[in-house]
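Okay, target_23.cif now, which holds mmCIF, C-alpha atoms:
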```
data_my_file
#
loop_
_atom_site.label_atom_id
_atom_site.label_comp_id
_atom_site.auth_asym_id
_atom_site.auth_seq_id
_atom_site.Cartn_x
_atom_site.Cartn_y
_atom_site.Cartn_z
CA MET O 16 118.44 100.59 43.83
CA GLU O 17 114.74 101.20 44.30
CA TYR O 18 115.62 104.13 46.50
CA ALA O 19 117.97 105.50 43.86
CA ILE O 20 115.13 105.44 41.34
CA SER O 21 112.55 106.82 43.75
CA ILE O 22 114.51 110.03 44.30
CA LEU O 23 115.16 110.56 40.59
CA PRO O 24 112.12 112.80 39.97
CA GLN O 25 113.29 115.15 42.70
CA MET O 26 116.85 115.11 41.43
CA TRP O 27 115.54 115.88 37.97
CA VAL O 28 114.29 119.27 39.18
CA GLY O 29 117.81 120.06 40.35
CA VAL O 30 119.35 118.83 37.11
CA LEU O 31 117.01 121.02 35.06
CA ASN O 32 117.83 124.08 37.14
CA THR O 33 121.56 123.44 36.91
CA ILE O 34 121.35 123.04 33.15
CA LYS O 35 119.07 126.07 32.80
CA ILE O 36 121.36 128.40 34.71
CA TYR O 37 124.38 126.99 32.89
CA PHE O 38 122.97 127.77 29.47
CA LEU O 39 121.61 131.16 30.48
CA ALA O 40 125.02 132.07 31.80
CA ILE O 41 127.19 130.61 29.05
CA LEU O 42 125.37 132.16 26.08
CA PRO O 43 126.67 135.72 26.58
CA VAL O 44 130.16 134.58 27.63
CA LEU O 45 131.73 134.15 24.22
CA PRO O 46 130.41 137.38 22.63
CA LEU O 47 131.23 139.38 25.77
CA GLY O 48 134.67 137.81 26.14
CA VAL O 49 135.61 138.53 22.51
CA LEU O 50 134.20 142.07 22.63
CA PHE O 51 135.92 142.94 25.89
CA ALA O 52 139.19 141.43 24.70
CA ILE O 53 139.10 143.60 21.56
CA GLY O 54 138.31 146.59 23.76
CA LYS O 55 141.30 145.78 25.92
CA VAL O 56 143.68 145.44 23.01
CA ALA O 57 142.45 148.11 20.60
CA GLY O 58 140.01 150.31 22.51
CA PRO O 59 140.60 153.91 23.61
CA LYS O 60 142.47 154.35 26.89
CA PRO O 61 139.51 155.06 29.21
CA LEU O 62 137.77 151.92 27.93
CA ARG O 63 140.91 149.90 28.50
CA TRP O 64 141.14 151.11 32.10
CA LEU O 65 137.52 150.30 32.67
CA LEU O 66 137.92 146.79 31.28
CA ASN O 67 141.09 146.27 33.31
CA ILE O 68 139.22 147.15 36.48
CA TYR O 69 136.40 144.84 35.42
CA THR O 70 138.61 141.79 34.90
CA TRP O 71 140.73 142.58 37.96
CA ALA O 72 137.73 142.92 40.27
CA TRP O 73 135.80 139.93 38.96
CA ARG O 74 138.78 137.62 38.84
CA GLY O 75 140.17 138.84 42.14
CA THR O 76 137.09 138.21 44.28
CA PRO O 77 135.29 134.96 45.11
CA LEU O 78 132.28 133.99 43.05
CA LEU O 79 130.29 133.27 46.20
CA LEU O 80 130.88 136.81 47.47
CA GLN O 81 129.69 138.20 44.12
CA LEU O 82 126.54 136.08 44.34
CA MET O 83 125.91 137.18 47.93
CA ILE O 84 126.23 140.81 46.93
CA VAL O 85 123.56 140.40 44.27
CA LYS O 86 121.30 138.45 46.61
CA PHE O 87 121.71 140.32 49.91
CA GLY O 88 123.59 143.47 49.03
CA LEU O 89 121.74 144.94 46.05
CA PRO O 90 118.28 144.76 47.69
CA VAL O 91 119.68 146.99 50.46
CA LEU O 92 120.39 149.56 47.74
CA GLY O 93 116.89 149.10 46.39
CA ILE O 94 117.86 147.02 43.39
CA ASN O 95 115.89 143.81 43.14
CA ILE O 96 116.80 141.21 40.52
CA PRO O 97 114.95 137.87 40.53
CA GLU O 98 117.32 135.45 42.26
CA PHE O 99 117.70 133.01 39.41
CA TYR O 100 118.49 135.67 36.82
CA GLY O 101 120.72 137.54 39.23
CA ALA O 102 122.76 134.38 39.71
CA ALA O 103 122.91 133.77 35.94
CA LEU O 104 124.11 137.35 35.46
CA VAL O 105 126.85 136.92 38.05
CA PHE O 106 128.01 133.67 36.41
CA ALA O 107 128.01 135.26 32.96
CA LEU O 108 130.01 138.31 34.05
CA ASN O 109 132.39 136.20 36.13
CA THR O 110 133.19 133.70 33.38
CA SER O 111 133.35 136.51 30.81
CA ALA O 112 136.10 138.15 32.86
CA TYR O 113 138.17 134.97 32.62
CA VAL O 114 137.44 134.43 28.94
CA THR O 115 138.30 138.08 28.23
CA GLU O 116 141.76 137.55 29.68
CA ILE O 117 142.20 134.32 27.73
CA MET O 118 141.16 136.01 24.48
CA ARG O 119 143.35 139.03 25.18
CA GLY O 120 146.35 136.77 25.68
CA ALA O 121 145.54 134.98 22.43
CA ILE O 122 145.12 138.20 20.45
CA GLN O 123 148.40 139.54 21.78
CA SER O 124 150.20 136.32 20.93
CA ILE O 125 149.60 136.96 17.22
CA ASP O 126 152.80 138.14 15.63
CA ARG O 127 153.08 141.93 15.11
CA GLY O 128 154.41 141.22 11.64
CA GLN O 129 150.92 140.21 10.57
CA TYR O 130 149.54 143.66 11.41
CA GLU O 131 152.43 145.22 9.53
CA ALA O 132 151.98 142.96 6.52
CA ALA O 133 148.24 143.74 6.45
CA LYS O 134 149.00 147.44 6.70
CA ALA O 135 151.49 147.19 3.85
CA LEU O 136 148.76 145.57 1.76
CA GLY O 137 146.49 148.52 2.54
CA ILE O 138 144.08 146.58 4.74
CA PRO O 139 142.44 148.85 7.34
CA TYR O 140 143.11 148.12 11.05
CA TRP O 141 139.65 146.82 11.92
CA THR O 142 139.54 144.56 8.90
CA THR O 143 142.91 143.19 9.97
CA MET O 144 141.53 142.65 13.46
CA PHE O 145 138.34 140.88 12.41
CA ARG O 146 139.48 138.97 9.34
CA ILE O 147 143.08 138.10 10.19
CA VAL O 148 143.86 138.35 13.90
CA LEU O 149 140.61 137.26 15.56
CA PRO O 150 140.10 133.96 13.68
CA GLN O 151 143.61 132.89 14.68
CA ALA O 152 143.29 134.15 18.24
CA PHE O 153 139.99 132.34 18.58
CA ARG O 154 141.62 129.03 17.77
CA ILE O 155 144.47 129.66 20.19
CA ALA O 156 142.07 130.60 22.98
CA LEU O 157 139.64 127.76 22.40
CA PRO O 158 141.19 125.06 24.65
CA SER O 159 141.46 127.38 27.67
CA ALA O 160 138.03 128.86 27.03
CA CYS O 161 136.58 125.35 26.89
CA SER O 162 138.12 124.40 30.19
CA GLU O 163 136.57 127.55 31.70
CA ALA O 164 133.22 126.46 30.29
CA ILE O 165 133.63 123.04 31.88
CA ASN O 166 134.60 124.60 35.20
CA MET O 167 131.45 126.65 35.11
CA ILE O 168 129.14 123.66 35.38
CA LYS O 169 130.86 122.80 38.66
CA ASP O 170 130.77 126.39 39.82
CA THR O 171 127.00 126.42 39.43
CA ALA O 172 126.87 124.22 42.55
CA ILE O 173 127.45 127.43 44.49
CA ILE O 174 123.92 128.65 43.78
CA SER O 175 122.69 126.01 46.21
CA LEU O 176 124.12 128.27 48.92
CA ILE O 177 121.74 131.06 48.00
CA SER O 178 118.89 128.55 48.21
CA LEU O 179 118.34 127.99 44.52
CA GLN O 180 117.30 124.44 43.78
CA ASP O 181 120.17 123.04 41.78
CA ILE O 182 121.57 119.51 41.97
CA THR O 183 123.67 120.14 45.08
CA ASN O 184 120.83 121.88 46.88
CA VAL O 185 118.31 119.14 46.12
CA THR O 186 120.87 116.50 47.09
CA THR O 187 121.45 118.05 50.48
CA GLN O 188 117.72 118.39 51.07
CA ILE O 189 117.09 114.75 50.23
CA PHE O 190 120.00 113.63 52.36
CA VAL O 191 118.92 115.64 55.39
CA ARG O 192 115.45 114.11 55.02
CA ASP O 193 116.36 110.45 54.34
CA LYS O 194 119.91 110.14 55.71
CA ASN O 195 120.76 107.82 52.84
CA LEU O 196 124.19 108.13 51.24
CA ILE O 197 122.95 106.89 47.86
CA VAL O 198 121.74 110.36 46.99
CA TYR O 199 125.32 111.65 47.10
CA VAL O 200 126.52 108.83 44.89
CA GLU O 201 123.79 109.80 42.46
CA ALA O 202 124.74 113.48 42.59
CA PHE O 203 128.40 112.62 41.93
CA CYS O 204 127.40 110.46 38.96
CA ILE O 205 125.19 113.20 37.54
CA TYR O 206 127.94 115.79 37.76
CA LEU O 207 130.48 113.38 36.29
CA LEU O 208 128.07 112.70 33.46
CA LEU O 209 127.49 116.40 32.84
CA THR O 210 131.19 117.25 32.84
CA SER O 211 131.97 114.24 30.64
CA VAL O 212 129.35 115.31 28.09
CA LEU O 213 130.77 118.84 28.09
CA VAL O 214 134.33 117.55 27.75
CA PHE O 215 133.19 115.43 24.80
CA ILE O 216 131.42 118.33 23.09
CA PHE O 217 134.30 120.73 23.61
CA ASN O 218 136.85 118.18 22.43
CA ARG O 219 134.89 117.82 19.21
CA LEU O 220 134.83 121.59 18.89
CA GLU O 221 138.58 121.85 19.43
CA LYS O 222 139.22 119.11 16.86
CA ARG O 223 137.03 120.87 14.34
CA PHE O 224 138.83 124.14 14.75
CA SER O 225 142.29 122.60 14.53
CA ARG O 226 141.59 120.64 11.33
CA HIS O 227 144.20 122.65 9.45
CA GLU O 228 146.93 121.32 11.71
CA GLN O 229 146.40 117.68 10.87
CA MET M 26 123.61 156.21 61.27
CA THR M 27 127.37 155.96 61.19
CA THR M 28 129.32 157.13 58.17
CA ILE M 29 130.92 154.64 55.84
CA GLY M 30 134.35 155.34 57.27
CA GLU M 31 133.26 154.70 60.85
CA TYR M 32 131.37 151.60 59.83
CA PHE M 33 134.44 150.38 57.99
CA LEU M 34 136.52 150.63 61.17
CA GLU M 35 133.76 149.02 63.18
CA ALA M 36 133.41 146.05 60.85
CA LEU M 37 137.09 145.59 60.25
CA PRO M 38 138.06 143.58 63.39
CA LEU M 39 135.37 140.98 62.74
CA LEU M 40 136.31 140.74 59.07
CA LEU M 41 140.02 140.53 59.86
CA ASP M 42 139.21 137.68 62.21
CA GLY M 43 137.58 135.88 59.28
CA LEU M 44 140.48 136.81 57.04
CA ILE M 45 142.93 135.09 59.38
CA SER M 46 141.05 131.79 59.33
CA THR M 47 140.86 132.07 55.53
CA LEU M 48 144.61 132.57 55.32
CA ILE M 49 145.40 129.77 57.79
CA ILE M 50 143.36 127.26 55.80
CA PHE M 51 145.00 128.47 52.59
CA ALA M 52 148.50 128.11 54.05
CA VAL M 53 147.90 124.65 55.48
CA VAL M 54 146.27 123.35 52.29
CA VAL M 55 149.16 124.63 50.18
CA ALA M 56 151.76 123.26 52.60
CA ILE M 57 150.26 119.76 52.44
CA GLY M 58 148.76 119.79 48.97
CA PHE M 59 151.76 120.91 46.96
CA PRO M 60 154.28 118.23 48.08
CA LEU M 61 151.50 115.66 47.88
CA SER M 62 150.76 116.72 44.29
CA ILE M 63 154.38 116.18 43.30
CA ILE M 64 154.29 112.68 44.78
CA VAL M 65 150.95 111.85 43.14
CA ALA M 66 152.13 113.19 39.79
CA SER M 67 155.31 111.08 40.04
CA LEU M 68 153.26 107.99 40.84
CA LYS M 69 150.99 108.73 37.89
CA THR M 70 154.07 108.83 35.68
CA ILE M 71 156.18 105.91 36.94
CA GLY M 72 153.92 104.04 39.37
CA PRO M 73 152.64 100.51 38.75
CA LYS M 74 149.68 100.23 36.41
CA TRP M 75 147.01 99.49 39.02
CA LEU M 76 148.10 102.49 41.08
CA ARG M 77 148.02 104.71 38.03
CA ARG M 78 144.49 103.54 37.37
CA VAL M 79 143.40 104.22 40.95
CA LEU M 80 144.93 107.70 40.86
CA GLY M 81 143.29 108.32 37.49
CA VAL M 82 139.86 107.55 38.95
CA TYR M 83 140.61 109.75 41.96
CA THR M 84 141.55 112.68 39.73
CA TRP M 85 138.55 112.15 37.49
CA ILE M 86 136.09 112.19 40.38
CA PHE M 87 137.58 115.15 42.20
CA ARG M 88 137.96 117.24 39.08
CA GLY M 89 134.61 116.22 37.66
CA THR M 90 132.42 117.14 40.64
CA PRO M 91 131.90 120.47 42.41
CA LEU M 92 134.06 121.19 45.45
CA LEU M 93 130.94 122.29 47.28
CA LEU M 94 129.31 118.89 46.80
CA GLN M 95 132.46 117.19 48.09
CA LEU M 96 132.47 119.44 51.15
CA VAL M 97 128.80 118.91 51.88
CA LEU M 98 129.11 115.16 51.37
CA VAL M 99 132.00 114.77 53.78
CA TYR M 100 130.50 117.19 56.25
CA TYR M 101 127.01 115.72 56.42
CA ALA M 102 127.51 112.15 55.34
CA LEU M 103 130.59 110.97 57.23
CA PRO M 104 128.92 111.29 60.65
CA THR M 105 126.05 109.05 59.51
CA ILE M 106 128.46 106.20 58.81
CA GLY M 107 130.07 106.70 62.17
CA VAL M 108 133.11 108.74 61.17
CA VAL M 109 133.22 111.84 63.33
CA LEU M 110 135.97 114.35 62.62
CA SER M 111 136.37 117.92 63.73
CA ASP M 112 135.02 120.52 61.31
CA ASN M 113 138.43 121.93 60.57
CA LEU M 114 139.88 118.54 59.79
CA VAL M 115 137.02 117.70 57.42
CA ILE M 116 137.48 120.96 55.56
CA LEU M 117 141.20 120.46 55.37
CA ILE M 118 140.95 116.92 54.01
CA VAL M 119 138.49 117.89 51.26
CA TYR M 120 140.51 120.90 50.17
CA VAL M 121 143.78 118.98 50.16
CA LEU M 122 142.26 116.15 48.11
CA SER M 123 140.65 118.54 45.64
CA VAL M 124 143.72 120.74 45.22
CA THR M 125 145.95 117.68 44.85
CA ALA M 126 143.70 116.32 42.10
CA TYR M 127 144.08 119.50 40.04
CA GLU M 128 147.71 120.24 40.82
CA SER M 129 148.91 116.66 40.29
CA GLU M 130 147.40 116.77 36.80
CA VAL M 131 149.16 120.06 36.12
CA ILE M 132 152.51 118.64 37.26
CA ARG M 133 151.93 115.38 35.41
CA GLY M 134 151.42 117.41 32.25
CA GLY M 135 154.73 119.13 32.93
CA MET M 136 156.42 115.76 33.40
CA ALA M 137 154.97 114.43 30.15
CA GLY M 138 156.52 117.40 28.36
CA ILE M 139 160.05 116.41 29.32
CA GLU M 140 161.71 114.58 26.49
CA ASN M 141 162.31 110.87 26.70
CA GLY M 142 166.03 111.27 26.05
CA GLN M 143 166.48 112.52 29.59
CA TYR M 144 165.00 109.33 31.06
CA GLU M 145 167.21 107.26 28.81
CA ALA M 146 170.33 109.26 29.60
CA ALA M 147 169.69 109.01 33.35
CA LYS M 148 168.99 105.31 33.04
CA ALA M 149 172.21 104.84 31.12
CA LEU M 150 174.01 106.54 34.01
CA GLY M 151 172.61 103.87 36.31
CA MET M 152 169.99 105.93 38.16
CA SER M 153 166.95 104.16 39.59
CA ARG M 154 163.44 105.23 38.54
CA VAL M 155 162.85 107.00 41.84
CA GLN M 156 166.14 108.84 41.52
CA ILE M 157 165.34 109.90 37.96
CA MET M 158 162.01 111.22 39.15
CA ARG M 159 163.35 113.02 42.18
CA ARG M 160 166.49 114.54 40.78
CA ILE M 161 165.74 115.07 37.13
CA ILE M 162 162.13 115.00 36.11
CA ALA M 163 160.25 116.47 39.08
CA PRO M 164 162.38 119.62 39.55
CA GLN M 165 162.07 120.53 35.88
CA ALA M 166 158.37 119.75 35.73
CA VAL M 167 157.54 121.82 38.81
CA ARG M 168 159.43 124.77 37.39
CA LYS M 169 157.74 124.41 34.02
CA VAL M 170 154.23 124.48 35.44
CA LEU M 171 154.85 127.31 37.90
CA PRO M 172 152.51 129.80 36.15
CA THR M 173 149.61 127.33 36.15
CA THR M 174 150.35 126.42 39.76
CA CYS M 175 150.21 130.06 40.73
CA SER M 176 146.84 130.58 39.12
CA GLU M 177 145.60 127.42 40.87
CA ALA M 178 146.70 128.96 44.17
CA ILE M 179 144.78 132.15 43.48
CA ILE M 180 141.71 130.07 42.62
CA LEU M 181 142.17 128.25 45.93
CA ILE M 182 142.07 131.40 48.03
CA LYS M 183 138.76 132.28 46.41
CA ASP M 184 137.45 128.73 46.80
CA THR M 185 138.01 128.92 50.55
CA THR M 186 134.80 130.97 50.66
CA LEU M 187 132.92 127.71 50.24
CA ILE M 188 133.72 126.72 53.82
CA ALA M 189 131.09 129.29 54.77
CA ALA M 190 128.66 126.64 53.52
CA VAL M 191 129.56 124.17 56.24
CA GLY M 192 129.37 126.66 59.04
CA GLU M 193 132.97 127.65 59.55
CA PHE M 194 133.50 131.34 60.04
CA ASP M 195 135.62 132.64 57.25
CA LEU M 196 135.78 136.14 55.88
CA LEU M 197 132.67 135.83 53.75
CA ARG M 198 130.54 134.34 56.51
CA HIS M 199 131.39 137.23 58.81
CA ALA M 200 130.59 139.73 56.09
CA THR M 201 127.20 138.11 55.39
CA SER M 202 126.27 138.10 59.07
CA LEU M 203 127.11 141.80 59.20
CA VAL M 204 125.10 142.63 56.08
CA THR M 205 122.02 140.74 57.24
CA SER M 206 122.17 142.06 60.81
CA ASP M 207 122.96 145.71 60.05
CA PHE M 208 121.19 145.83 56.68
CA ARG M 209 124.07 147.74 55.15
CA ILE M 210 126.09 146.62 52.18
CA ASP M 211 129.36 148.10 53.47
CA ALA M 212 130.65 144.86 55.00
CA TYR M 213 130.59 143.30 51.52
CA VAL M 214 132.53 146.21 50.13
CA VAL M 215 135.15 145.74 52.84
CA ALA M 216 135.23 141.99 52.14
CA LEU M 217 135.61 142.64 48.40
CA ILE M 218 138.50 144.97 49.05
CA LEU M 219 140.18 142.47 51.39
CA TYR M 220 139.89 139.67 48.81
CA LEU M 221 141.18 141.95 46.07
CA ILE M 222 144.16 142.86 48.25
CA ILE M 223 144.95 139.19 48.96
CA ALA M 224 144.61 138.22 45.29
CA SER M 225 146.77 141.16 44.20
CA ILE M 226 149.46 140.37 46.77
CA LEU M 227 149.47 136.73 45.68
CA THR M 228 149.70 137.75 42.02
CA LEU M 229 152.65 139.98 42.86
CA ILE M 230 154.46 137.28 44.84
CA PHE M 231 153.85 134.74 42.09
CA SER M 232 155.08 136.97 39.29
CA LYS M 233 158.27 137.50 41.33
CA LEU M 234 158.52 133.73 41.77
CA GLU M 235 158.02 133.15 38.06
CA LYS M 236 160.76 135.63 37.25
CA ARG M 237 163.09 133.98 39.71
CA TYR M 238 162.43 130.47 38.47
CA PRO M 239 161.93 130.80 34.71
CA ALA M 240 160.61 127.73 32.91
CA SER M 241 163.81 127.13 31.01
CA ILE M 242 167.14 127.86 32.59
#
```

Starting from the file, lay out its structure as structure tokens.
Amino acid sequence: MEYAISILPQMWVGVLNTIKIYFLAILPVLPLGVLFAIGKVAGPKPLRWLLNIYTWAWRGTPLLLQLMIVKFGLPVLGINIPEFYGAALVFALNTSAYVTEIMRGAIQSIDRGQYEAAKALGIPYWTTMFRIVLPQAFRIALPSACSEAINMIKDTAIISLISLQDITNVTTQIFVRDKNLIVYVEAFCIYLLLTSVLVFIFNRLEKRFSRHEQ
Amino acid sequence: MTTIGEYFLEALPLLLDGLISTLIIFAVVVAIGFPLSIIVASLKTIGPKWLRRVLGVYTWIFRGTPLLLQLVLVYYALPTIGVVLSDNLVILIVYVLSVTAYESEVIRGGMAGIENGQYEAAKALGMSRVQIMRRIIAPQAVRKVLPTTCSEAIILIKDTTLIAAVGEFDLLRHATSLVTSDFRIDAYVVALILYLIIASILTLIFSKLEKRYPASI
């Protein structure tokens, strides 16, 4: 127990970094996901192709490979992004690709009749999109988007492989130094706590947005 | 300096070597994990209460913590408590346990969606609980969750990159060694293309599968 407490300050550094990268990465995800999804559904053809390639490439390749490219690959081309922000960028673009697809599915699940009804009432297309379709699509997409957001906190563990000091990285360092299994127990508990808090928050969010159904 | 095309051909054998170990791990994990998930999901549905609780904790832990942490823990920590397994076995065990945690929840969800009347009807016909599960509930549930299962499988093939972290030579590891030794980004491009090809092939196979086994008959 004393040992568990003695390593807490070190673990705290990892926790802070994990949380920091998580928030940096998750902030742009929702706006980007919604914007890209609209582009995919209603944008001009070239834009649609571009966005299709974007989601296909980002969802079809491993996150770790994407991170490695930013860390080792881009410097070869002369592009240097500070590691931490590079990683946050990769996370944001990766998760956005998934959320884009979720939002697109939700937008397309809205009945065509609603567009037609809006048109018959003389409502312009974009007003229909923003005032009628999107609010509904958003609610439909929310549960899946939330589970992506929860997955992301676990995915951040990958940054330990590019030597950024997140929880997993710090844990491994401490374990290699002390050879004491308690540090892993602690890391598991911290992650479980983080995911549980996120699950709680997102559940509240989902409840709030489905009030009309109760 | 060689052209990109020549370099591509030069790097390809090494990358293909990595690709094969990636695919082998994927195949073995799916072959063990999928049947296991069906069993675990069944036990979660009809098993005794204590077992359901144990399986619930198992799922919670494996789904609530990063796969990488699980891998690193088993890889580094097991030897210190005297359990020495071969690298491949360690990797396999962690992947199977993690995949089973996710997939068993997916299948359990499918089972929960099957209406109670079917249980009652089967019971009235004199079937045992195991029979009901095996012949009636499980086949329908597996079919129902096929799309989710397929996307889990595609996630798995990308997650296999994490074994690079514990020193096994998969596709990504080979690519990184090439990039750092030759200081050219091409190996990553080849790796990206290879992963995209695998993911696209899997997507194609799965959409065929989904068409062949539609959720409702």

Test item: residues at most 9 Å from region 96-99 of chain O, all atoms listed in the file, excluding those fewer than 6 positions along its chain, as a list in words: Ile36, Val85, Lys86, Leu89, Pro90, Ile174, Ile177 and Leu179 of chain O

Residue hits in chain O, query chain M, radius 8 Å, all atoms listed in the file, as a ChimeraX atom specification: /O:72,75-80,83-84,87-89,91-92,169-170,172-173,176,183,187,194,196,199,203,206-207,210-211

File of the preceding selection, C-alpha atoms, as a short mmCIF file (atom, residue, chain, number, x, y, z; two decimals), in the frame of the given file:
```cif
data_model
loop_
_atom_site.label_atom_id
_atom_site.label_comp_id
_atom_site.auth_asym_id
_atom_site.auth_seq_id
_atom_site.Cartn_x
_atom_site.Cartn_y
_atom_site.Cartn_z
CA ALA O 72 137.73 142.92 40.27
CA GLY O 75 140.17 138.84 42.14
CA THR O 76 137.09 138.21 44.28
CA PRO O 77 135.29 134.96 45.11
CA LEU O 78 132.28 133.99 43.05
CA LEU O 79 130.29 133.27 46.20
CA LEU O 80 130.88 136.81 47.47
CA MET O 83 125.91 137.18 47.93
CA ILE O 84 126.23 140.81 46.93
CA PHE O 87 121.71 140.32 49.91
CA GLY O 88 123.59 143.47 49.03
CA LEU O 89 121.74 144.94 46.05
CA VAL O 91 119.68 146.99 50.46
CA LEU O 92 120.39 149.56 47.74
CA LYS O 169 130.86 122.80 38.66
CA ASP O 170 130.77 126.39 39.82
CA ALA O 172 126.87 124.22 42.55
CA ILE O 173 127.45 127.43 44.49
CA LEU O 176 124.12 128.27 48.92
CA THR O 183 123.67 120.14 45.08
CA THR O 187 121.45 118.05 50.48
CA LYS O 194 119.91 110.14 55.71
CA LEU O 196 124.19 108.13 51.24
CA TYR O 199 125.32 111.65 47.10
CA PHE O 203 128.40 112.62 41.93
CA TYR O 206 127.94 115.79 37.76
CA LEU O 207 130.48 113.38 36.29
CA THR O 210 131.19 117.25 32.84
CA SER O 211 131.97 114.24 30.64
#
```

Between CA of Pro60 (chain M) and CA of Leu122 (chain M) - distance in Å to one decimal: 12.2 Å

The PyMOL selection byres ((chain M and resi 232-241) around 6) resolved against shown file, as a list in words: Arg168, Lys169, Leu229, Ile230, Phe231 and Ile242 of chain M

Reference answer for the PyMOL selection byres ((chain O and resi 69) around 12), as an MDAnalysis selection string: chainID O and resid 48 51:52 54:55 62:68 70:76 108:113 115:116

Give me a file of those residues, with C-alpha atoms, as a PDB file, keeping the file's coordinate frame.
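As a result, again-v3.pdb now contains:
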```
ATOM      1  CA  GLY O  48     134.670 137.810  26.140  1.00  0.00           C
ATOM      2  CA  PHE O  51     135.920 142.940  25.890  1.00  0.00           C
ATOM      3  CA  ALA O  52     139.190 141.430  24.700  1.00  0.00           C
ATOM      4  CA  GLY O  54     138.310 146.590  23.760  1.00  0.00           C
ATOM      5  CA  LYS O  55     141.300 145.780  25.920  1.00  0.00           C
ATOM      6  CA  LEU O  62     137.770 151.920  27.930  1.00  0.00           C
ATOM      7  CA  ARG O  63     140.910 149.900  28.500  1.00  0.00           C
ATOM      8  CA  TRP O  64     141.140 151.110  32.100  1.00  0.00           C
ATOM      9  CA  LEU O  65     137.520 150.300  32.670  1.00  0.00           C
ATOM     10  CA  LEU O  66     137.920 146.790  31.280  1.00  0.00           C
ATOM     11  CA  ASN O  67     141.090 146.270  33.310  1.00  0.00           C
ATOM     12  CA  ILE O  68     139.220 147.150  36.480  1.00  0.00           C
ATOM     13  CA  THR O  70     138.610 141.790  34.900  1.00  0.00           C
ATOM     14  CA  TRP O  71     140.730 142.580  37.960  1.00  0.00           C
ATOM     15  CA  ALA O  72     137.730 142.920  40.270  1.00  0.00           C
ATOM     16  CA  TRP O  73     135.800 139.930  38.960  1.00  0.00           C
ATOM     17  CA  ARG O  74     138.780 137.620  38.840  1.00  0.00           C
ATOM     18  CA  GLY O  75     140.170 138.840  42.140  1.00  0.00           C
ATOM     19  CA  THR O  76     137.090 138.210  44.280  1.00  0.00           C
ATOM     20  CA  LEU O 108     130.010 138.310  34.050  1.00  0.00           C
ATOM     21  CA  ASN O 109     132.390 136.200  36.130  1.00  0.00           C
ATOM     22  CA  THR O 110     133.190 133.700  33.380  1.00  0.00           C
ATOM     23  CA  SER O 111     133.350 136.510  30.810  1.00  0.00           C
ATOM     24  CA  ALA O 112     136.100 138.150  32.860  1.00  0.00           C
ATOM     25  CA  TYR O 113     138.170 134.970  32.620  1.00  0.00           C
ATOM     26  CA  THR O 115     138.300 138.080  28.230  1.00  0.00           C
ATOM     27  CA  GLU O 116     141.760 137.550  29.680  1.00  0.00           C
TER      28      GLU O 116
END
```

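Our summary of the geometry notes that CA of Leu40 (chain M) is positioned 9.3 Å from CA of Leu203 (chain M).
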
Centre and edges of the region 121-137 of chain M box, axis-aligned, 8 Å extra per side, as AutoDock Vina command-line options:
```
--center_x 148.5 --center_y 117.6 --center_z 40.2 --size_x 31.8 --size_y 22.3 --size_z 36.0
```

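When CA of Val200 (chain O) is paired with CA of Thr186 (chain O), their separation reads 9.8 Å.
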